[in-house]
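*Asks:* Data: my_file-v7.cif, mmCIF, C-alpha atoms.
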data_entry
loop_
_atom_site.label_atom_id
_atom_site.label_comp_id
_atom_site.auth_asym_id
_atom_site.auth_seq_id
_atom_site.Cartn_x
_atom_site.Cartn_y
_atom_site.Cartn_z
CA MET U 1414 -107.53 159.95 -14.16
CA ALA U 1415 -108.87 158.67 -17.46
CA LYS U 1416 -112.58 158.83 -18.03
CA LYS U 1417 -114.31 155.64 -16.95
CA ASN U 1418 -116.93 153.67 -18.77
CA PRO U 1419 -120.32 154.37 -17.08
CA GLN U 1420 -120.54 150.83 -15.73
CA THR U 1421 -117.09 151.06 -14.15
CA ALA U 1422 -117.85 154.55 -12.83
CA LEU U 1423 -120.88 153.16 -11.03
CA MET U 1424 -118.58 150.79 -9.16
CA HIS U 1425 -115.41 152.85 -8.72
CA SER U 1426 -116.31 156.39 -7.76
CA ASP U 1427 -113.62 158.98 -7.05
CA TYR U 1428 -115.71 160.44 -4.23
CA THR U 1429 -114.86 159.87 -0.57
CA ALA U 1430 -117.14 161.32 2.11
CA PRO U 1431 -115.42 163.87 4.38
CA ALA U 1432 -114.15 162.66 7.74
CA GLY U 1433 -115.41 164.03 11.04
CA PHE U 1434 -119.07 162.95 11.05
CA ASP U 1435 -120.25 162.11 14.57
CA ALA U 1436 -123.66 161.10 15.96
CA PHE U 1437 -125.15 159.05 18.77
CA PRO U 1438 -126.11 155.96 16.74
CA VAL U 1439 -123.39 153.43 16.00
CA ALA U 1440 -122.92 153.19 12.24
CA ILE U 1441 -123.99 150.01 10.47
CA HIS U 1442 -120.97 148.54 8.66
CA HIS U 1443 -122.02 145.76 6.29
CA ALA U 1444 -119.36 143.53 4.78
CA SER U 1445 -118.51 140.08 3.64
CA THR U 1446 -115.34 141.18 1.86
CA VAL U 1447 -113.01 143.45 3.84
CA LEU U 1448 -110.53 145.48 1.78
CA PHE U 1449 -106.78 145.77 2.42
CA LYS U 1450 -104.45 148.54 1.28
CA ASN U 1451 -101.87 146.05 0.05
CA VAL U 1452 -100.75 142.44 0.34
CA ALA U 1453 -98.52 143.18 3.32
CA ALA U 1454 -101.47 144.63 5.22
CA MET U 1455 -103.56 141.58 4.38
CA ARG U 1456 -100.88 139.19 5.60
CA ALA U 1457 -100.24 141.19 8.76
CA ARG U 1458 -103.79 140.93 10.05
CA GLU U 1459 -104.95 138.15 12.37
CA TRP U 1460 -108.65 137.35 12.49
CA GLN U 1461 -108.56 136.55 16.21
CA GLU U 1462 -107.34 140.05 17.06
CA LYS U 1463 -110.01 142.69 17.53
CA ASN U 1464 -107.73 145.58 16.55
CA SER U 1465 -108.23 145.10 12.80
CA TYR U 1466 -110.61 143.55 10.27
CA THR U 1467 -110.16 140.52 8.03
CA TYR U 1468 -113.55 139.24 6.89
CA GLY U 1469 -117.16 140.11 7.59
CA LEU U 1470 -117.81 136.86 9.44
CA HIS U 1471 -115.24 137.85 12.05
CA GLY U 1472 -116.77 141.27 12.61
CA THR U 1473 -117.08 144.88 11.55
CA PRO U 1474 -116.95 148.05 13.68
CA THR U 1475 -120.66 147.52 14.40
CA SER U 1476 -120.31 144.05 15.90
CA PHE U 1477 -117.02 144.90 17.64
CA THR U 1478 -118.78 147.81 19.38
CA LEU U 1479 -121.68 145.61 20.47
CA GLU U 1480 -119.31 142.95 21.80
CA ALA U 1481 -117.35 145.52 23.80
CA ARG U 1482 -120.48 147.01 25.36
CA LEU U 1483 -121.90 143.61 26.31
CA ALA U 1484 -118.61 142.64 27.93
CA GLU U 1485 -118.71 145.87 29.94
CA ILE U 1486 -122.26 145.18 31.15
CA GLU U 1487 -121.27 141.70 32.36
CA GLY U 1488 -117.95 142.81 33.86
CA GLY U 1489 -116.08 140.64 31.36
CA GLN U 1490 -113.21 141.25 28.96
CA HIS U 1491 -114.14 139.33 25.80
CA CYS U 1492 -117.41 138.75 23.95
CA LEU U 1493 -118.45 136.70 20.94
CA LEU U 1494 -121.79 137.08 19.15
CA ALA U 1495 -123.84 134.16 17.87
CA PRO U 1496 -127.02 133.89 15.76
CA SER U 1497 -129.16 132.92 18.79
CA GLY U 1498 -128.94 132.06 22.46
CA LEU U 1499 -128.94 128.36 21.59
CA ALA U 1500 -126.11 128.93 19.11
CA ALA U 1501 -124.13 130.57 21.91
CA ILE U 1502 -124.72 127.54 24.15
CA THR U 1503 -123.68 125.20 21.34
CA MET U 1504 -120.48 127.20 20.79
CA VAL U 1505 -119.52 126.78 24.45
CA ASP U 1506 -120.14 123.03 24.41
CA LEU U 1507 -118.26 122.38 21.18
CA ALA U 1508 -115.37 124.59 22.21
CA LEU U 1509 -114.79 122.77 25.49
CA LEU U 1510 -116.08 119.20 25.10
CA LYS U 1511 -114.85 116.24 23.08
CA SER U 1512 -115.70 112.57 22.89
CA GLY U 1513 -115.20 110.93 26.28
CA ASP U 1514 -115.89 114.12 28.24
CA ASP U 1515 -118.71 114.74 30.70
CA VAL U 1516 -120.91 117.81 31.19
CA LEU U 1517 -123.30 118.51 34.08
CA LEU U 1518 -126.51 120.44 33.49
CA PRO U 1519 -129.16 121.48 36.02
CA ASP U 1520 -132.45 119.61 35.75
CA ASN U 1521 -134.19 122.97 35.21
CA VAL U 1522 -131.99 123.86 32.23
CA TYR U 1523 -133.44 125.69 29.21
CA ASN U 1524 -135.07 122.84 27.30
CA PRO U 1525 -133.15 123.31 24.01
CA ASN U 1526 -129.95 123.08 26.08
CA ARG U 1527 -131.26 119.75 27.42
CA GLU U 1528 -131.98 118.61 23.87
CA LEU U 1529 -128.43 119.58 22.90
CA GLY U 1530 -127.05 117.64 25.86
CA ASN U 1531 -129.04 114.58 24.90
CA TRP U 1532 -127.78 114.88 21.31
CA LEU U 1533 -124.17 115.14 22.48
CA SER U 1534 -124.70 111.98 24.53
CA LYS U 1535 -126.35 110.08 21.72
CA ASP U 1536 -124.16 110.95 18.75
CA PHE U 1537 -120.93 112.54 19.97
CA GLY U 1538 -119.74 110.36 22.84
CA ILE U 1539 -120.06 113.19 25.35
CA THR U 1540 -121.92 112.27 28.53
CA ALA U 1541 -124.53 114.80 29.63
CA ARG U 1542 -125.88 114.32 33.15
CA TYR U 1543 -128.51 116.32 35.00
CA TYR U 1544 -128.26 117.45 38.61
CA ASP U 1545 -130.61 118.90 41.20
CA PRO U 1546 -130.40 122.69 40.65
CA MET U 1547 -130.43 123.20 44.42
CA ALA U 1548 -127.44 120.88 44.95
CA GLY U 1549 -125.09 123.74 45.83
CA ALA U 1550 -121.78 122.43 47.21
CA GLY U 1551 -123.20 118.90 46.91
CA ILE U 1552 -122.42 118.99 43.21
CA ALA U 1553 -118.86 118.04 44.18
CA GLY U 1554 -120.08 114.45 44.59
CA LEU U 1555 -121.24 114.37 40.96
CA ILE U 1556 -118.01 115.61 39.39
CA GLN U 1557 -116.09 112.80 37.69
CA PRO U 1558 -112.48 112.76 36.44
CA ASN U 1559 -113.78 113.37 32.90
CA THR U 1560 -116.16 116.21 33.84
CA ARG U 1561 -115.12 119.33 31.95
CA LEU U 1562 -118.04 121.73 32.30
CA VAL U 1563 -120.89 122.56 34.67
CA TRP U 1564 -123.81 124.55 33.29
CA THR U 1565 -125.96 126.68 35.60
CA GLU U 1566 -129.07 128.82 35.17
CA ALA U 1567 -130.10 131.52 37.59
CA PRO U 1568 -132.99 131.19 37.95
CA GLY U 1569 -133.85 127.93 36.25
CA SER U 1570 -135.94 127.91 33.12
CA VAL U 1571 -139.70 127.89 33.76
CA SER U 1572 -139.58 126.50 37.32
CA MET U 1573 -137.46 129.46 38.56
CA GLU U 1574 -135.22 127.83 41.21
CA VAL U 1575 -132.23 130.03 42.14
CA PRO U 1576 -129.04 127.98 42.66
CA ASP U 1577 -126.22 128.66 45.09
CA LEU U 1578 -123.77 129.85 42.46
CA PRO U 1579 -120.77 130.57 44.72
CA ALA U 1580 -121.01 127.07 46.22
CA ILE U 1581 -121.29 125.40 42.80
CA CYS U 1582 -118.35 127.42 41.44
CA ALA U 1583 -116.17 126.66 44.44
CA ALA U 1584 -116.89 122.93 44.23
CA ALA U 1585 -116.27 122.81 40.47
CA HIS U 1586 -113.08 124.87 40.58
CA ALA U 1587 -111.69 122.71 43.38
CA LYS U 1588 -111.72 119.87 40.83
CA GLY U 1589 -110.50 121.96 37.89
CA VAL U 1590 -113.89 122.18 36.17
CA LEU U 1591 -115.24 125.27 34.39
CA VAL U 1592 -118.64 126.77 35.18
CA ALA U 1593 -120.91 128.42 32.59
CA ILE U 1594 -124.13 130.28 33.29
CA ASP U 1595 -127.17 131.19 31.26
CA ASN U 1596 -127.58 134.70 32.66
CA THR U 1597 -130.37 135.77 30.32
CA TRP U 1598 -132.97 136.29 33.06
CA SER U 1599 -130.95 139.09 34.67
CA ALA U 1600 -129.63 140.55 31.38
CA GLY U 1601 -126.31 140.95 33.19
CA LEU U 1602 -127.85 143.86 35.07
CA ALA U 1603 -129.10 142.12 38.20
CA LEU U 1604 -126.42 139.44 38.62
CA ARG U 1605 -122.65 139.91 38.44
CA ALA U 1606 -121.89 136.29 37.63
CA PHE U 1607 -118.13 136.66 37.23
CA ASP U 1608 -117.88 138.07 40.76
CA LEU U 1609 -119.46 134.85 42.06
CA GLY U 1610 -116.85 132.66 40.37
CA VAL U 1611 -118.49 131.85 37.02
CA ASP U 1612 -116.05 131.37 34.11
CA ILE U 1613 -118.37 131.82 31.11
CA VAL U 1614 -121.50 133.94 30.83
CA MET U 1615 -123.99 133.23 28.08
CA GLN U 1616 -126.81 135.60 27.14
CA ALA U 1617 -129.75 135.36 24.76
CA LEU U 1618 -129.73 138.91 23.40
CA THR U 1619 -133.12 138.08 21.92
CA LYS U 1620 -134.61 139.15 25.27
CA TYR U 1621 -133.99 142.43 27.12
CA GLN U 1622 -130.99 143.53 25.07
CA SER U 1623 -133.17 143.60 21.97
CA GLY U 1624 -136.36 144.54 23.76
CA GLY U 1625 -138.38 144.57 20.55
CA SER U 1626 -139.32 140.89 20.07
CA ASP U 1627 -137.71 141.14 16.64
CA VAL U 1628 -134.07 139.99 16.94
CA LEU U 1629 -132.47 136.57 17.40
CA MET U 1630 -128.94 136.74 18.81
CA GLY U 1631 -126.74 135.33 21.54
CA ALA U 1632 -123.47 136.23 23.24
CA VAL U 1633 -120.73 134.51 25.21
CA VAL U 1634 -118.63 136.64 27.58
CA THR U 1635 -115.40 135.66 29.35
CA ARG U 1636 -112.58 137.24 31.32
CA ASP U 1637 -109.79 134.75 30.61
CA PRO U 1638 -107.92 135.30 27.29
CA ALA U 1639 -107.01 131.61 26.84
CA LEU U 1640 -110.62 130.55 27.37
CA ASN U 1641 -111.79 133.21 24.93
CA GLN U 1642 -109.34 131.88 22.33
CA LYS U 1643 -110.87 128.39 22.58
CA LEU U 1644 -114.31 129.89 22.11
CA GLN U 1645 -113.10 131.98 19.17
CA LEU U 1646 -111.86 128.88 17.39
CA ALA U 1647 -115.23 127.17 17.84
CA HIS U 1648 -116.98 130.37 16.71
CA MET U 1649 -114.91 130.42 13.51
CA ARG U 1650 -115.21 126.69 12.81
CA LEU U 1651 -118.97 126.78 13.25
CA GLY U 1652 -119.20 129.76 10.91
CA PHE U 1653 -121.24 131.80 13.38
CA GLY U 1654 -121.97 135.35 12.33
CA VAL U 1655 -124.69 137.92 12.94
CA GLY U 1656 -126.24 140.49 10.63
CA MET U 1657 -125.07 144.03 11.22
CA ASP U 1658 -128.63 145.35 10.97
CA ASP U 1659 -129.53 143.10 13.90
CA ALA U 1660 -126.40 144.15 15.78
CA TYR U 1661 -127.47 147.77 15.27
CA LEU U 1662 -130.95 147.05 16.65
CA VAL U 1663 -129.43 145.66 19.84
CA LEU U 1664 -127.04 148.62 20.10
CA ARG U 1665 -129.96 150.99 19.67
CA SER U 1666 -131.83 149.30 22.52
CA LEU U 1667 -128.98 149.09 25.05
CA PRO U 1668 -129.27 152.70 26.35
CA THR U 1669 -132.83 152.01 27.55
CA MET U 1670 -132.29 148.44 28.77
CA LYS U 1671 -131.86 149.26 32.47
CA LEU U 1672 -134.93 151.52 32.44
CA ARG U 1673 -136.99 148.83 30.72
CA PHE U 1674 -135.65 146.06 32.97
CA ASP U 1675 -136.61 148.02 36.08
CA ALA U 1676 -140.08 148.72 34.67
CA HIS U 1677 -140.58 145.02 33.87
CA ASP U 1678 -139.40 144.21 37.40
CA ALA U 1679 -141.80 146.63 39.09
CA GLY U 1680 -144.75 145.47 36.99
CA ALA U 1681 -143.98 141.80 37.57
CA ARG U 1682 -143.77 142.20 41.33
CA THR U 1683 -147.10 144.02 41.35
CA VAL U 1684 -148.84 141.32 39.33
CA ALA U 1685 -147.13 138.47 41.22
CA ALA U 1686 -148.12 139.94 44.60
CA TRP U 1687 -151.74 140.13 43.46
CA LEU U 1688 -151.62 136.55 42.16
CA GLN U 1689 -150.37 135.36 45.55
CA GLN U 1690 -153.68 136.42 47.04
CA GLN U 1691 -155.88 134.61 44.52
CA ALA U 1692 -157.57 131.32 45.39
CA GLN U 1693 -156.89 129.92 41.91
CA ILE U 1694 -153.11 130.06 42.47
CA SER U 1695 -151.41 127.69 44.88
CA ARG U 1696 -147.89 129.09 44.50
CA VAL U 1697 -146.06 131.98 42.84
CA LEU U 1698 -142.58 131.03 41.58
CA HIS U 1699 -140.91 134.44 41.54
CA PRO U 1700 -137.31 134.57 42.86
CA ALA U 1701 -137.97 137.79 44.77
CA PHE U 1702 -140.76 136.07 46.73
CA ALA U 1703 -140.08 133.84 49.73
CA ASP U 1704 -142.10 130.95 48.30
CA CYS U 1705 -139.64 130.44 45.42
CA PRO U 1706 -136.92 127.79 45.87
CA GLY U 1707 -133.57 129.52 46.32
CA HIS U 1708 -135.07 132.85 47.36
CA GLU U 1709 -132.28 133.36 49.92
CA ASN U 1710 -129.71 132.89 47.16
CA TRP U 1711 -131.53 135.51 45.10
CA LYS U 1712 -131.50 137.96 48.03
CA ARG U 1713 -127.76 137.49 48.46
CA ASP U 1714 -126.65 137.54 44.82
CA PHE U 1715 -129.16 139.59 42.81
CA THR U 1716 -130.11 143.26 42.68
CA GLY U 1717 -133.30 142.92 40.60
CA ALA U 1718 -135.68 140.49 38.99
CA GLY U 1719 -136.99 141.53 35.57
CA GLY U 1720 -140.41 140.54 34.27
CA LEU U 1721 -140.46 136.74 34.08
CA PHE U 1722 -142.03 134.40 36.67
CA SER U 1723 -144.29 131.37 36.88
CA VAL U 1724 -147.32 130.30 38.91
CA LEU U 1725 -148.84 126.98 39.88
CA PHE U 1726 -152.59 126.70 39.64
CA ASP U 1727 -154.47 124.98 42.41
CA ALA U 1728 -154.58 121.22 41.80
CA ARG U 1729 -158.35 121.28 41.50
CA TYR U 1730 -158.03 122.91 38.07
CA SER U 1731 -157.53 120.63 35.08
CA GLU U 1732 -155.22 121.31 32.17
CA GLU U 1733 -158.28 122.06 30.06
CA GLN U 1734 -159.31 124.76 32.52
CA THR U 1735 -155.89 126.40 32.66
CA ASP U 1736 -155.68 126.27 28.86
CA CYS U 1737 -159.05 128.04 28.80
CA PHE U 1738 -157.62 130.66 31.17
CA VAL U 1739 -154.66 131.33 28.85
CA ASP U 1740 -156.89 131.41 25.78
CA SER U 1741 -159.21 133.91 27.50
CA LEU U 1742 -156.51 136.49 28.18
CA LYS U 1743 -156.73 139.57 25.98
CA LEU U 1744 -153.67 141.68 26.78
CA PHE U 1745 -151.38 138.70 27.35
CA LYS U 1746 -150.47 136.98 24.10
CA ILE U 1747 -149.45 133.33 23.76
CA GLY U 1748 -145.86 132.95 22.58
CA TYR U 1749 -142.37 131.84 23.53
CA SER U 1750 -139.49 134.11 24.47
CA TRP U 1751 -139.80 137.20 26.63
CA GLY U 1752 -138.11 140.51 27.41
CA GLY U 1753 -140.12 142.50 24.90
CA ALA U 1754 -142.61 145.27 25.59
CA ASN U 1755 -145.67 143.02 25.30
CA SER U 1756 -146.89 140.66 28.00
CA LEU U 1757 -146.93 136.94 27.29
CA CYS U 1758 -148.37 133.83 28.92
CA VAL U 1759 -147.50 130.18 28.25
CA PRO U 1760 -148.72 126.98 29.99
CA TYR U 1761 -146.15 124.20 30.44
CA ARG U 1762 -146.46 120.46 30.93
CA ILE U 1763 -143.72 120.69 33.52
CA GLN U 1764 -144.02 117.08 34.69
CA GLY U 1765 -142.50 115.94 31.39
CA MET U 1766 -139.68 118.48 31.59
CA ARG U 1767 -138.30 117.80 35.09
CA LYS U 1768 -137.20 114.72 36.99
CA ASN U 1769 -138.95 114.06 40.29
CA TRP U 1770 -141.41 116.89 39.76
CA GLN U 1771 -144.31 116.28 42.09
CA ASP U 1772 -147.80 116.94 40.76
CA GLN U 1773 -148.32 120.43 42.14
CA GLY U 1774 -150.84 121.71 39.63
CA THR U 1775 -150.48 123.19 36.17
CA LEU U 1776 -147.60 125.63 35.69
CA VAL U 1777 -148.14 128.82 33.72
CA ARG U 1778 -145.33 131.27 32.95
CA PHE U 1779 -145.92 135.02 32.71
CA ASN U 1780 -143.77 137.63 31.02
CA ILE U 1781 -144.89 141.01 32.32
CA GLY U 1782 -144.38 143.62 29.65
CA LEU U 1783 -144.62 147.38 29.81
CA GLU U 1784 -148.39 147.68 29.99
CA ASP U 1785 -149.98 149.19 33.10
CA PRO U 1786 -149.92 146.44 35.78
CA GLN U 1787 -153.47 147.20 36.85
CA ASP U 1788 -154.72 146.56 33.32
CA LEU U 1789 -152.85 143.25 33.31
CA ILE U 1790 -154.39 142.30 36.64
CA ALA U 1791 -157.85 143.10 35.28
CA ASP U 1792 -157.14 140.92 32.26
CA ILE U 1793 -156.09 138.00 34.47
CA GLU U 1794 -159.16 138.46 36.65
CA GLN U 1795 -161.58 138.31 33.72
CA ALA U 1796 -159.81 135.17 32.45
CA PHE U 1797 -160.13 133.56 35.89
CA ASN U 1798 -163.88 134.09 35.68
CA LEU U 1799 -164.05 132.11 32.42
CA MET U 1800 -162.25 128.99 33.67
#
Would you mind writing the structure in this file as structure tokens?

*Replies:*
Amino acid sequence: MAKKNPQTALMHSDYTAPAGFDAFPVAIHHASTVLFKNVAAMRAREWQEKNSYTYGLHGTPTSFTLEARLAEIEGGQHCLLAPSGLAAITMVDLALLKSGDDVLLPDNVYNPNRELGNWLSKDFGITARYYDPMAGAGIAGLIQPNTRLVWTEAPGSVSMEVPDLPAICAAAHAKGVLVAIDNTWSAGLALRAFDLGVDIVMQALTKYQSGGSDVLMGAVVTRDPALNQKLQLAHMRLGFGVGMDDAYLVLRSLPTMKLRFDAHDAGARTVAAWLQQQAQISRVLHPAFADCPGHENWKRDFTGAGGLFSVLFDARYSEEQTDCFVDSLKLFKIGYSWGGANSLCVPYRIQGMRKNWQDQGTLVRFNIGLEDPQDLIADIEQAFNLM
């Protein structure tokens, strides 16, 4: 080969690394442009097939590997990654709904999902209606001829009700309606949603799958190829992609996810059990505890609980006092999201987030991290004393 100009040599090296390298970490493959051997190879590839590569937005070996592993965890066949959990929710809605359609969402839905539903109703001609999360088979009475999708959350965001998923799925399927679930709380580890009849599983990988409070990502998992194809088209049209460095961070965390999830679960149950005995707390909203709405559904359908739960303070305490409690915590930090190693605490004005929510006292949500539970209990106790 003729000698190259130095600038060209910097870009077109003759060196190729030897094959055969193997290690535990999944390699990070960055790309916008994907190269083809020839024009025929380029024309033969189809971006919707996961057996070849066409463009970085549609995936590299790094993202394909993450998608396959997430599908395995959920018991699904197909997975698509999105830039956030909310992006994953949006992809589902825009893939399956059009003007004139109707979608049902539980009243305890993740609030950005509610905002999305309201936006679809206001500007896109898609009716979004909200149902009692404990409706179970009664949801059949809400399904209209134009209803195309029922969203579920198990448990519900912030208020932690656990729905009767098999009953909801059976009622929806009897009328030809698909059911989607936000399964983030269980990380796919403690709830096999597909086995209960769910059609689409959405996850915010920002939580336990990342585990480091440093990644934003979402995923949508399905079993049905035709349904996956609809979602793929929406994924492409929306231009959703994820960074391969972020995909690698999630892949790196997956081997420890079950160990971390179980540790969060054990710590949360310890702290929640202690809180049940405290005079300042009127109710602990933890699905594994009998006082939580839908506890029997949790016992039947779940195998674990993770680290997230809420409490209601006794009605004698004002919002100012509960805010003082949260501000006085030292180990618990104030911040949204959860699933990371550090404990978090957030007060909610739940009356403005739920229909027909009776004034039961101020709601505060805890994410129990990986600190020693006894240290967390001591932190809560000292904050109680400052209210």

*Asks:* How many Å separate CA of Ala1495 (chain U) from CA of Val1655 (chain U)?

*Replies:*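 CA of Val1655 (chain U) lies 6.3 Å from CA of Ala1495 (chain U).
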
*Asks:* If the PyMOL selection byres ((chain U and resi 1461) around 12) were run on this exact file, what residues would it hold? Put them as a PDB file with C-alpha atoms, in the frame of the given file.

*Replies:*
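result.pdb written:
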ATOM      1  CA  ARG U1458    -103.790 140.930  10.050  1.00  0.00           C
ATOM      2  CA  GLU U1459    -104.950 138.150  12.370  1.00  0.00           C
ATOM      3  CA  TRP U1460    -108.650 137.350  12.490  1.00  0.00           C
ATOM      4  CA  GLU U1462    -107.340 140.050  17.060  1.00  0.00           C
ATOM      5  CA  LYS U1463    -110.010 142.690  17.530  1.00  0.00           C
ATOM      6  CA  ASN U1464    -107.730 145.580  16.550  1.00  0.00           C
ATOM      7  CA  SER U1465    -108.230 145.100  12.800  1.00  0.00           C
ATOM      8  CA  TYR U1466    -110.610 143.550  10.270  1.00  0.00           C
ATOM      9  CA  THR U1467    -110.160 140.520   8.030  1.00  0.00           C
ATOM     10  CA  TYR U1468    -113.550 139.240   6.890  1.00  0.00           C
ATOM     11  CA  LEU U1470    -117.810 136.860   9.440  1.00  0.00           C
ATOM     12  CA  HIS U1471    -115.240 137.850  12.050  1.00  0.00           C
ATOM     13  CA  GLY U1472    -116.770 141.270  12.610  1.00  0.00           C
ATOM     14  CA  PHE U1477    -117.020 144.900  17.640  1.00  0.00           C
ATOM     15  CA  HIS U1491    -114.140 139.330  25.800  1.00  0.00           C
ATOM     16  CA  CYS U1492    -117.410 138.750  23.950  1.00  0.00           C
ATOM     17  CA  LEU U1493    -118.450 136.700  20.940  1.00  0.00           C
ATOM     18  CA  PRO U1638    -107.920 135.300  27.290  1.00  0.00           C
ATOM     19  CA  ALA U1639    -107.010 131.610  26.840  1.00  0.00           C
ATOM     20  CA  ASN U1641    -111.790 133.210  24.930  1.00  0.00           C
ATOM     21  CA  GLN U1642    -109.340 131.880  22.330  1.00  0.00           C
ATOM     22  CA  LYS U1643    -110.870 128.390  22.580  1.00  0.00           C
ATOM     23  CA  LEU U1644    -114.310 129.890  22.110  1.00  0.00           C
ATOM     24  CA  GLN U1645    -113.100 131.980  19.170  1.00  0.00           C
ATOM     25  CA  LEU U1646    -111.860 128.880  17.390  1.00  0.00           C
ATOM     26  CA  ALA U1647    -115.230 127.170  17.840  1.00  0.00           C
ATOM     27  CA  HIS U1648    -116.980 130.370  16.710  1.00  0.00           C
ATOM     28  CA  MET U1649    -114.910 130.420  13.510  1.00  0.00           C
TER      29      MET U1649
END

*Asks:* Give me, as a ChimeraX atom specification, all polymer residues having an atom no more than 12 Å from Ala1583 (chain U), counting all atoms listed in the file and skipping those fewer than 6 positions away in the same chain.

*Replies:* /U:1549-1553,1563,1577,1589-1592,1609-1612

*Asks:* Which region 1578-1678 of chain U residues have any atom within 9 Å of an atom of region 1497-1515 of chain U, and for each, what is the nearest pair of atoms with distance in Å to one decimal, counting only C-alpha atoms, rows sorted by chain and number, as a tab-separated table?

*Replies:*
residue	atom	partner	partner_atom	distance
U:Ala1593	CA	U:Val1505	CA	8.4
U:Asp1595	CA	U:Ile1502	CA	8.4
U:Thr1597	CA	U:Gly1498	CA	8.8
U:Ile1613	CA	U:Val1505	CA	8.4
U:Met1615	CA	U:Ala1501	CA	6.7
U:Gln1616	CA	U:Gly1498	CA	6.2
U:Ala1617	CA	U:Gly1498	CA	4.1
U:Leu1618	CA	U:Gly1498	CA	7.0
U:Thr1619	CA	U:Ser1497	CA	7.2
U:Val1628	CA	U:Ser1497	CA	8.8
U:Leu1629	CA	U:Ser1497	CA	5.1
U:Met1630	CA	U:Ser1497	CA	3.8
U:Gly1631	CA	U:Gly1498	CA	4.0
U:Ala1632	CA	U:Ala1501	CA	5.9
U:Val1633	CA	U:Ala1501	CA	6.2
U:Lys1643	CA	U:Ala1508	CA	5.9
U:Leu1644	CA	U:Ala1508	CA	5.4
U:Gln1645	CA	U:Ala1508	CA	8.3
U:Leu1646	CA	U:Ala1508	CA	7.3
U:Ala1647	CA	U:Ala1508	CA	5.1
U:His1648	CA	U:Met1504	CA	6.2
U:Leu1651	CA	U:Met1504	CA	7.7
U:Phe1653	CA	U:Ala1500	CA	8.0
U:Val1655	CA	U:Ser1497	CA	8.9

*Asks:* Interatomic distance between CA of Thr1683 (chain U) and CA of Ala1754 (chain U)?

*Replies:* 16.4 Å

*Asks:* Considering only C-alpha atoms, can you say which of U:Leu1662, U:Ala1484, U:Ala1430, U:Ala1603 comes closest to Arg1713 (chain U)?

*Replies:*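 Of the candidates, the smallest distance to Arg1713 (chain U) is held by U:Ala1603.
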
*Asks:* Could you pull out every residue with an atom within 12 Å of (-155.2, 119.2, 30.8), file coordinates, counting all atoms listed in the file, and send them as a list of chain:residue names?

*Replies:*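 Looking at atoms near the point gives U:Phe1726, U:Ala1728, U:Arg1729, U:Tyr1730, U:Ser1731, U:Glu1732, U:Glu1733, U:Gln1734, U:Thr1735, U:Asp1736, U:Cys1737, U:Phe1738, U:Pro1760, U:Tyr1761, U:Arg1762, U:Ile1763, U:Gly1774, U:Thr1775, U:Leu1776.
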
*Asks:* Can you work out which one of U:Val1663, U:Val1614, U:Ile1790, U:Val1759 has the shortest atom-to-atom distance to Ala1567 (chain U), counting only C-alpha atoms?

*Replies:* U:Val1614

*Asks:* Between U:Leu1725, U:Tyr1544, U:Leu1698, U:Arg1673, which has the minimum distance to Asp1772 (chain U) (counting only C-alpha atoms)?

*Replies:*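 Of U:Leu1725, U:Tyr1544, U:Leu1698, U:Arg1673, the one nearest Asp1772 (chain U) is U:Leu1725, counting only C-alpha atoms.
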
*Asks:* To one decimal place in Å, what is the distance between CA of Ile1694 (chain U) and CA of Pro1519 (chain U)?

*Replies:*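 Atom-to-atom, CA of Ile1694 (chain U) and CA of Pro1519 (chain U) are spaced 26.2 Å apart.
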
*Asks:* Determine, counting only C-alpha atoms, which protein, DNA and RNA residues have an atom within 12 Å of an atom of Pro1474 (chain U); residues of the same chain fewer than 5 positions away are not included. Present the result as a list in words.

*Replies:*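 Listing them by chain and then by number gives Val1439, Ala1440, Ile1441, His1442, His1443, Ala1444, Val1447, Lys1463, Asn1464, Ser1465, Tyr1466, Thr1467, Tyr1468, Gly1469, Leu1479, Glu1480, Ala1481, Met1657, Ala1660, Tyr1661 and Leu1664 of chain U.
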
*Asks:* Selected by the PyMOL selection byres ((chain U and resi 1598) around 8) in the shown coordinates: which residues, as a CSV table (one decimal) with C-alpha atoms, in the coordinates of the input?

*Replies:*
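Saved as out.csv:
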chain,number,residue,atom,x,y,z
U,1567,ALA,CA,-130.1,131.5,37.6
U,1568,PRO,CA,-133.0,131.2,38.0
U,1595,ASP,CA,-127.2,131.2,31.3
U,1596,ASN,CA,-127.6,134.7,32.7
U,1597,THR,CA,-130.4,135.8,30.3
U,1599,SER,CA,-131.0,139.1,34.7
U,1600,ALA,CA,-129.6,140.6,31.4
U,1718,ALA,CA,-135.7,140.5,39.0
U,1719,GLY,CA,-137.0,141.5,35.6
U,1721,LEU,CA,-140.5,136.7,34.1

*Asks:* Hey, can I get the axis-aligned box for region 1618-1634 of chain U? All listed atoms, 8 Å padding on each side, centre and edge lengths in Å to one decimal, as JSON.

*Replies:*
{"center_x": -129.0, "center_y": 139.5, "center_z": 22.1, "size_x": 36.7, "size_y": 26.1, "size_z": 26.9}

*Asks:* In file coordinates, which residues lie within 10 Å of (-114.3, 116.8, 41.2) using all atoms listed in the file, given as a PyMOL selection string?

*Replies:* chain U and resi 1552-1561+1584-1590

*Asks:* Which residues, written as a ChimeraX atom specification, have at least one atom at most 6 Å from Phe1715 (chain U), with all atoms listed in the file counted and residues fewer than 2 positions away on the same chain left out?

*Replies:* /U:1603-1604,1711-1712,1717

*Asks:* So that I can check the surroundings of Ser1626 (chain U), please list as a VMD selection string every protein, DNA and RNA residue that reaches within 9 Å of it, counting all atoms listed in the file and ignoring chain neighbours fewer than 3 positions away.

*Replies:* chain U and resid 1619 to 1621 1623 1629 1750 to 1755
